[in-house]
Amino acid sequence: QVQLVETGGGSVQAGGSLRLACAASGYMISSGNMGWFRQAPGKGREGVAAIDSDGTTNYADSVKGRFTISADNSKNILYLQMNSLKPEDTAMYYCAADSLRRRWWPPLSVARYNYWGQGTQVTVSS
């Protein structure tokens with residue numbers, strides 16, 4: 001059984017930093033694409049960052065230069081380092097795994113991913 005558990009969310013002021021972690025069990029994160037997504041109240045889920053098994057990364061334009069996705073394959077943990085946070089980054093953040101290798105979908109597409117965590121809340125105040 002695959003489980004993805006996110007931690008590290010919280011409340012910070014604008015300009016601050018947080019590091020999210022996603023611990024995976026029942027699945028090796030090095031097997032395929034992993035992604036971070038977020039969903040703000042009243043909005044759809046959007047892709048934030050993704051990393052492929054070869055280390056290739058993709059970022060949403062809104063977070064480029066501020067967020068960094070990384071994977072510790074030895075610990076089977078996915079990370080999202082978030083710097084220079086803005087109020088518009090406030091959302092529930094989810095990690096996701098593409099175990100079926102749906103490469104016909106873009107890396108930041110929700111449709112690509114078949115396993116999801118329960119989410120961790122990030123709130124950024126101005």
# chains A, B, ... in the order shown; residues from 1 in each chain; ligands from 1
call {"tool": "residues_around", "arguments": {"residues": "Ser62 of chain A", "least_positions_apart": "4", "cutoff": "10 Å", "atoms": "only C-alpha atoms", "output": "JSON, numbers by chain"}}
result
{"A": [48, 66, 67, 88, 89]}
call {"tool": "residues_around", "arguments": {"residues": "Thr7 of chain A", "least_positions_apart": "6", "cutoff": "9 Å", "atoms": "only C-alpha atoms", "output": "ChimeraX atom specification"}}
result
/A:19-23,119-121
call {"tool": "write_last_selection", "arguments": {"atoms": "N, CA and C atoms", "output": "PDB file, in the first residue's frame"}}
result
ATOM      1  N   ARG A  19      10.316  24.436   4.804  1.00  0.00           N
ATOM      2  CA  ARG A  19      10.709  23.255   4.040  1.00  0.00           C
ATOM      3  C   ARG A  19       9.680  22.167   4.276  1.00  0.00           C
ATOM      4  N   LEU A  20       9.039  21.748   3.214  1.00  0.00           N
ATOM      5  CA  LEU A  20       8.084  20.662   3.278  1.00  0.00           C
ATOM      6  C   LEU A  20       8.790  19.341   3.001  1.00  0.00           C
ATOM      7  N   ALA A  21       8.309  18.299   3.644  1.00  0.00           N
ATOM      8  CA  ALA A  21       8.831  16.959   3.408  1.00  0.00           C
ATOM      9  C   ALA A  21       7.683  16.022   3.105  1.00  0.00           C
ATOM     10  N   CYS A  22       7.948  15.044   2.266  1.00  0.00           N
ATOM     11  CA  CYS A  22       6.954  14.030   1.915  1.00  0.00           C
ATOM     12  C   CYS A  22       7.615  12.675   2.065  1.00  0.00           C
ATOM     13  N   ALA A  23       7.219  11.949   3.090  1.00  0.00           N
ATOM     14  CA  ALA A  23       7.767  10.621   3.336  1.00  0.00           C
ATOM     15  C   ALA A  23       6.912   9.585   2.627  1.00  0.00           C
ATOM     16  N   GLY A 119      -1.876  16.242   2.426  1.00  0.00           N
ATOM     17  CA  GLY A 119      -1.649  17.675   2.376  1.00  0.00           C
ATOM     18  C   GLY A 119      -1.146  18.267   3.678  1.00  0.00           C
ATOM     19  N   THR A 120      -0.465  19.399   3.552  1.00  0.00           N
ATOM     20  CA  THR A 120      -0.010  20.161   4.707  1.00  0.00           C
ATOM     21  C   THR A 120      -0.257  21.639   4.405  1.00  0.00           C
ATOM     22  N   GLN A 121      -0.781  22.361   5.385  1.00  0.00           N
ATOM     23  CA  GLN A 121      -1.205  23.741   5.162  1.00  0.00           C
ATOM     24  C   GLN A 121      -0.037  24.707   5.309  1.00  0.00           C
TER      25      GLN A 121
END
call {"tool": "residues_around", "arguments": {"residues": "Arg101 of chain A", "least_positions_apart": "6", "cutoff": "9 Å", "atoms": "only C-alpha atoms", "output": "short mmCIF file (atom, residue, chain, number, x, y, z; two decimals) with N, CA and C atoms, in the first residue's frame"}}
result
data_model
loop_
_atom_site.label_atom_id
_atom_site.label_comp_id
_atom_site.auth_asym_id
_atom_site.auth_seq_id
_atom_site.Cartn_x
_atom_site.Cartn_y
_atom_site.Cartn_z
N SER A 31 11.54 5.83 -8.46
CA SER A 31 10.99 5.02 -9.54
C SER A 31 10.39 5.85 -10.67
N GLY A 32 9.93 7.03 -10.35
CA GLY A 32 9.26 7.83 -11.37
C GLY A 32 9.16 9.27 -10.96
N ASN A 33 8.31 10.01 -11.66
CA ASN A 33 8.13 11.42 -11.38
C ASN A 33 7.43 11.65 -10.04
N ARG A 112 -1.33 13.59 -14.32
CA ARG A 112 -0.21 12.65 -14.46
C ARG A 112 -0.07 11.75 -13.23
N TYR A 113 -0.56 12.20 -12.08
CA TYR A 113 -0.22 11.56 -10.82
C TYR A 113 -1.36 10.69 -10.29
#
call {"tool": "select_by_dssp", "arguments": {"residues": "chain A", "states": "strand (DSSP E)", "output": "JSON, numbers by chain"}}
result
{"A": [3, 4, 5, 6, 7, 10, 11, 12, 13, 18, 19, 20, 21, 22, 23, 24, 25, 33, 34, 35, 36, 37, 38, 39, 46, 47, 48, 49, 50, 51, 57, 58, 59, 67, 68, 69, 70, 71, 72, 77, 78, 79, 80, 81, 82, 91, 92, 93, 94, 95, 96, 97, 98, 115, 116, 120, 121, 122, 123, 124, 125]}
call {"tool": "select_by_dssp", "arguments": {"residues": "chain A", "states": "helix (DSSP H, G or I)", "output": "PyMOL selection string"}}
result
chain A and resi 29-31+87-89+110-112
call {"tool": "write_last_selection", "arguments": {"atoms": "N, CA and C atoms", "output": "compact mmCIF listing (two decimals), in the first residue's frame"}}
result
# COMPACT_ATOMS: atom_id res chain seq x y z
N ILE A 29 10.48 6.56 -4.36
CA ILE A 29 10.30 7.84 -5.06
C ILE A 29 11.25 7.96 -6.25
N SER A 30 12.30 7.16 -6.26
CA SER A 30 13.24 7.20 -7.38
C SER A 30 12.71 6.48 -8.61
N SER A 31 11.54 5.83 -8.46
CA SER A 31 10.99 5.02 -9.54
C SER A 31 10.39 5.85 -10.67
N PRO A 87 2.19 36.05 0.36
CA PRO A 87 0.83 35.70 0.77
C PRO A 87 0.10 34.84 -0.27
N GLU A 88 0.38 35.04 -1.53
CA GLU A 88 -0.28 34.25 -2.57
C GLU A 88 0.20 32.80 -2.62
N ASP A 89 1.22 32.45 -1.83
CA ASP A 89 1.65 31.06 -1.72
C ASP A 89 0.80 30.29 -0.70
N VAL A 110 -1.94 17.72 -12.98
CA VAL A 110 -2.58 16.89 -11.96
C VAL A 110 -2.88 15.50 -12.50
N ALA A 111 -3.26 15.42 -13.76
CA ALA A 111 -3.69 14.16 -14.35
C ALA A 111 -2.59 13.12 -14.42
N ARG A 112 -1.33 13.59 -14.32
CA ARG A 112 -0.21 12.65 -14.46
C ARG A 112 -0.07 11.75 -13.23
call {"tool": "atom_distance", "arguments": {"atom1": "atom CA of Tyr115 of chain A", "atom2": "atom CA of Gly16 of chain A"}}
result
29.5 Å
